[in-house]
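Structure first, then comments.
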Amino acid sequence: MRLLIALILPWLTFFTIGRPIAGIICLILQLTLIGWLPATIWAVYALSQYKTDQKIEKAMSQRG
C-alpha cells in the first residue's frame with residue numbers, strides 16, 4: 001500500500017514512515033511538474049530503506 005502511495009503522492013510516504021520534514025521538502029519538490037518524477041523516485045528509495053531498517057531491527061532483537 002505504501003508503494004502505491006509513493007507512486008501517486010510521494011510526499012505522503014514520508015509522513016507514513018515518520019519523516020515529516022522530508023515529506024514537506026518532497027511536497028515542495030512535487031509541486032513542480034518536473035520535480036514530480038524525482039520526488040517519486042526519492043519516496044520509493046526512502047520506503048525501501050525504511051523496510052530494510054525494519055528488517056535489521058527485527059534481526060537484532062531476535063539475536064539479542
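Chain lettering (A, B, ...) mirrors the order of the C-alpha cells, residue numbering begins at 1 for each chain separately, and ligand numbering begins at 1 in order of display.
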Compile the contact shell of Met1 of chain A as a list in words: residues with an atom at most 12 Å away, counting only C-alpha atoms, same-chain residues fewer than 5 positions apart removed.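 Listing them by chain and then by number gives Ala6, Leu7, Ile8, Leu9, Leu12, Thr13, Thr16, Val44 and Leu47 of chain A.
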How would the residues just chosen look if you wrote them out with N, CA, C and O atoms as an mmCIF file, in the first residue's frame?
data_model
loop_
_atom_site.group_PDB
_atom_site.id
_atom_site.type_symbol
_atom_site.label_atom_id
_atom_site.label_comp_id
_atom_site.auth_asym_id
_atom_site.auth_seq_id
_atom_site.Cartn_x
_atom_site.Cartn_y
_atom_site.Cartn_z
ATOM 1 N N ALA A 6 3.570 5.956 -2.598
ATOM 2 C CA ALA A 6 4.829 6.549 -3.054
ATOM 3 C C ALA A 6 4.778 6.918 -4.531
ATOM 4 O O ALA A 6 5.398 7.892 -4.950
ATOM 5 N N LEU A 7 4.042 6.158 -5.313
ATOM 6 C CA LEU A 7 3.951 6.446 -6.743
ATOM 7 C C LEU A 7 2.963 7.572 -7.042
ATOM 8 O O LEU A 7 3.183 8.354 -7.968
ATOM 9 N N ILE A 8 1.894 7.665 -6.277
ATOM 10 C CA ILE A 8 0.860 8.659 -6.556
ATOM 11 C C ILE A 8 1.095 9.961 -5.797
ATOM 12 O O ILE A 8 1.054 11.043 -6.375
ATOM 13 N N LEU A 9 1.332 9.846 -4.489
ATOM 14 C CA LEU A 9 1.563 11.012 -3.634
ATOM 15 C C LEU A 9 2.876 10.809 -2.865
ATOM 16 O O LEU A 9 2.867 10.410 -1.697
ATOM 17 N N LEU A 12 3.413 12.044 0.819
ATOM 18 C CA LEU A 12 2.664 11.383 1.881
ATOM 19 C C LEU A 12 3.412 10.165 2.429
ATOM 20 O O LEU A 12 3.280 9.810 3.606
ATOM 21 N N THR A 13 4.227 9.554 1.606
ATOM 22 C CA THR A 13 5.010 8.395 2.024
ATOM 23 C C THR A 13 5.910 8.742 3.206
ATOM 24 O O THR A 13 6.039 7.966 4.148
ATOM 25 N N THR A 16 4.113 8.735 6.447
ATOM 26 C CA THR A 16 3.741 7.404 6.936
ATOM 27 C C THR A 16 4.926 6.650 7.537
ATOM 28 O O THR A 16 4.716 5.733 8.319
ATOM 29 N N VAL A 44 10.191 6.266 -3.231
ATOM 30 C CA VAL A 44 10.337 4.811 -3.361
ATOM 31 C C VAL A 44 11.652 4.361 -2.727
ATOM 32 O O VAL A 44 11.697 3.347 -2.026
ATOM 33 N N LEU A 47 11.319 4.518 1.043
ATOM 34 C CA LEU A 47 10.473 3.413 1.506
ATOM 35 C C LEU A 47 11.264 2.111 1.556
ATOM 36 O O LEU A 47 11.139 1.349 2.514
#
Contacts of Ile24 of chain A within 9 Å, only C-alpha atoms, excl. fewer than 2 positions in-chain, as a PDB file with all heavy atoms, in the first residue's frame:
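Result went into out17.pdb, see below:
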ATOM      1  N   TRP A  11       5.035  12.664  -1.357  1.00  0.00           N
ATOM      2  CA  TRP A  11       5.238  13.377  -0.092  1.00  0.00           C
ATOM      3  C   TRP A  11       4.539  12.689   1.076  1.00  0.00           C
ATOM      4  O   TRP A  11       5.035  12.702   2.191  1.00  0.00           O
ATOM      5  CB  TRP A  11       4.764  14.825  -0.213  1.00  0.00           C
ATOM      6  CG  TRP A  11       3.302  14.953  -0.523  1.00  0.00           C
ATOM      7  CD1 TRP A  11       2.749  14.988  -1.771  1.00  0.00           C
ATOM      8  CD2 TRP A  11       2.226  15.036   0.397  1.00  0.00           C
ATOM      9  NE1 TRP A  11       1.382  15.084  -1.661  1.00  0.00           N
ATOM     10  CE2 TRP A  11       1.034  15.130  -0.347  1.00  0.00           C
ATOM     11  CE3 TRP A  11       2.144  15.052   1.791  1.00  0.00           C
ATOM     12  CZ2 TRP A  11      -0.215  15.228   0.245  1.00  0.00           C
ATOM     13  CZ3 TRP A  11       0.888  15.156   2.376  1.00  0.00           C
ATOM     14  CH2 TRP A  11      -0.265  15.244   1.608  1.00  0.00           C
ATOM     15  N   LEU A  12       3.413  12.044   0.819  1.00  0.00           N
ATOM     16  CA  LEU A  12       2.664  11.383   1.881  1.00  0.00           C
ATOM     17  C   LEU A  12       3.412  10.165   2.429  1.00  0.00           C
ATOM     18  O   LEU A  12       3.280   9.810   3.606  1.00  0.00           O
ATOM     19  CB  LEU A  12       1.279  10.980   1.364  1.00  0.00           C
ATOM     20  CG  LEU A  12       0.286  10.447   2.375  1.00  0.00           C
ATOM     21  CD1 LEU A  12       0.035  11.470   3.468  1.00  0.00           C
ATOM     22  CD2 LEU A  12      -1.008  10.087   1.680  1.00  0.00           C
ATOM     23  N   PHE A  14       6.524   9.913   3.151  1.00  0.00           N
ATOM     24  CA  PHE A  14       7.439  10.306   4.221  1.00  0.00           C
ATOM     25  C   PHE A  14       6.708  10.484   5.547  1.00  0.00           C
ATOM     26  O   PHE A  14       7.248  10.194   6.601  1.00  0.00           O
ATOM     27  CB  PHE A  14       8.186  11.581   3.836  1.00  0.00           C
ATOM     28  CG  PHE A  14       9.182  11.356   2.736  1.00  0.00           C
ATOM     29  CD1 PHE A  14       8.886  11.683   1.425  1.00  0.00           C
ATOM     30  CD2 PHE A  14      10.411  10.791   3.012  1.00  0.00           C
ATOM     31  CE1 PHE A  14       9.794  11.464   0.413  1.00  0.00           C
ATOM     32  CE2 PHE A  14      11.337  10.570   2.011  1.00  0.00           C
ATOM     33  CZ  PHE A  14      11.027  10.900   0.704  1.00  0.00           C
ATOM     34  N   PHE A  15       5.475  10.953   5.485  1.00  0.00           N
ATOM     35  CA  PHE A  15       4.700  11.093   6.717  1.00  0.00           C
ATOM     36  C   PHE A  15       4.327   9.728   7.290  1.00  0.00           C
ATOM     37  O   PHE A  15       4.252   9.561   8.503  1.00  0.00           O
ATOM     38  CB  PHE A  15       3.447  11.935   6.476  1.00  0.00           C
ATOM     39  CG  PHE A  15       3.749  13.402   6.313  1.00  0.00           C
ATOM     40  CD1 PHE A  15       3.871  13.960   5.056  1.00  0.00           C
ATOM     41  CD2 PHE A  15       3.915  14.205   7.427  1.00  0.00           C
ATOM     42  CE1 PHE A  15       4.160  15.310   4.909  1.00  0.00           C
ATOM     43  CE2 PHE A  15       4.208  15.558   7.286  1.00  0.00           C
ATOM     44  CZ  PHE A  15       4.335  16.115   6.033  1.00  0.00           C
ATOM     45  N   PRO A  20       8.525  13.651   8.718  1.00  0.00           N
ATOM     46  CA  PRO A  20       7.689  14.760   8.249  1.00  0.00           C
ATOM     47  C   PRO A  20       8.450  15.886   7.558  1.00  0.00           C
ATOM     48  O   PRO A  20       7.924  16.495   6.616  1.00  0.00           O
ATOM     49  CB  PRO A  20       6.992  15.259   9.513  1.00  0.00           C
ATOM     50  CG  PRO A  20       7.845  14.806  10.633  1.00  0.00           C
ATOM     51  CD  PRO A  20       8.496  13.529  10.173  1.00  0.00           C
ATOM     52  N   ILE A  21       9.671  16.173   7.980  1.00  0.00           N
ATOM     53  CA  ILE A  21      10.427  17.262   7.343  1.00  0.00           C
ATOM     54  C   ILE A  21      10.774  16.883   5.905  1.00  0.00           C
ATOM     55  O   ILE A  21      10.658  17.699   4.990  1.00  0.00           O
ATOM     56  CB  ILE A  21      11.681  17.609   8.167  1.00  0.00           C
ATOM     57  CG1 ILE A  21      11.242  18.184   9.517  1.00  0.00           C
ATOM     58  CG2 ILE A  21      12.574  18.585   7.423  1.00  0.00           C
ATOM     59  CD1 ILE A  21      12.346  18.455  10.482  1.00  0.00           C
ATOM     60  N   ALA A  22      11.172  15.640   5.697  1.00  0.00           N
ATOM     61  CA  ALA A  22      11.435  15.170   4.336  1.00  0.00           C
ATOM     62  C   ALA A  22      10.145  15.191   3.522  1.00  0.00           C
ATOM     63  O   ALA A  22      10.181  15.468   2.320  1.00  0.00           O
ATOM     64  CB  ALA A  22      12.021  13.766   4.361  1.00  0.00           C
ATOM     65  N   CYS A  26       9.669  17.114   0.073  1.00  0.00           N
ATOM     66  CA  CYS A  26       9.190  16.364  -1.088  1.00  0.00           C
ATOM     67  C   CYS A  26       7.938  17.010  -1.686  1.00  0.00           C
ATOM     68  O   CYS A  26       7.771  17.038  -2.898  1.00  0.00           O
ATOM     69  CB  CYS A  26       8.916  14.922  -0.686  1.00  0.00           C
ATOM     70  SG  CYS A  26       8.545  13.838  -2.062  1.00  0.00           S
ATOM     71  N   LEU A  27       7.062  17.523  -0.836  1.00  0.00           N
ATOM     72  CA  LEU A  27       5.861  18.205  -1.325  1.00  0.00           C
ATOM     73  C   LEU A  27       6.231  19.438  -2.136  1.00  0.00           C
ATOM     74  O   LEU A  27       5.667  19.679  -3.207  1.00  0.00           O
ATOM     75  CB  LEU A  27       4.952  18.588  -0.160  1.00  0.00           C
ATOM     76  CG  LEU A  27       3.700  19.376  -0.519  1.00  0.00           C
ATOM     77  CD1 LEU A  27       2.799  18.566  -1.433  1.00  0.00           C
ATOM     78  CD2 LEU A  27       2.960  19.789   0.738  1.00  0.00           C
ATOM     79  N   ILE A  28       7.186  20.197  -1.644  1.00  0.00           N
ATOM     80  CA  ILE A  28       7.643  21.376  -2.388  1.00  0.00           C
ATOM     81  C   ILE A  28       8.229  20.961  -3.732  1.00  0.00           C
ATOM     82  O   ILE A  28       7.979  21.586  -4.761  1.00  0.00           O
ATOM     83  CB  ILE A  28       8.658  22.177  -1.548  1.00  0.00           C
ATOM     84  CG1 ILE A  28       7.956  22.782  -0.331  1.00  0.00           C
ATOM     85  CG2 ILE A  28       9.327  23.260  -2.380  1.00  0.00           C
ATOM     86  CD1 ILE A  28       8.901  23.353   0.716  1.00  0.00           C
ATOM     87  N   LEU A  29       9.006  19.884  -3.732  1.00  0.00           N
ATOM     88  CA  LEU A  29       9.584  19.373  -4.974  1.00  0.00           C
ATOM     89  C   LEU A  29       8.492  18.885  -5.923  1.00  0.00           C
ATOM     90  O   LEU A  29       8.548  19.130  -7.123  1.00  0.00           O
ATOM     91  CB  LEU A  29      10.559  18.244  -4.664  1.00  0.00           C
ATOM     92  CG  LEU A  29      11.299  17.597  -5.836  1.00  0.00           C
ATOM     93  CD1 LEU A  29      12.178  18.634  -6.527  1.00  0.00           C
ATOM     94  CD2 LEU A  29      12.151  16.445  -5.343  1.00  0.00           C
TER      95      LEU A  29
END
Selected residue, from A:Gln62, A:Gln54, A:Thr40, A:Gln49, that lies nearest to Leu4 of chain A when counting only C-alpha atoms: A:Thr40
Which of these residues is nearest to Tyr50 of chain A, using only C-alpha atoms: A:Pro10, A:Ile34, A:Ile17, A:Ile5?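 Of all the options, A:Ile17 lies closest to Tyr50 of chain A.
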Could you find all residues in chain A that DSSP calls helix (DSSP H, G or I) from the backbone, and write them as number ranges by chain? A: 2-8, 10-16, 20-30, 36-63
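Picture a line from atom CA of Gly35 of chain A to atom CA of Gly18 of chain A; it runs 22.0 Å.
Coordinates place atom CA of Gln30 of chain A at a distance of 17.2 Å from atom CA of Arg2 of chain A.
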Determine the nearest neighbour of Arg19 of chain A from the options A:Ala46, A:Leu33, A:Leu3, A:Thr52, counting only C-alpha atoms.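 For Arg19 of chain A, the nearest of the candidates is A:Ala46.
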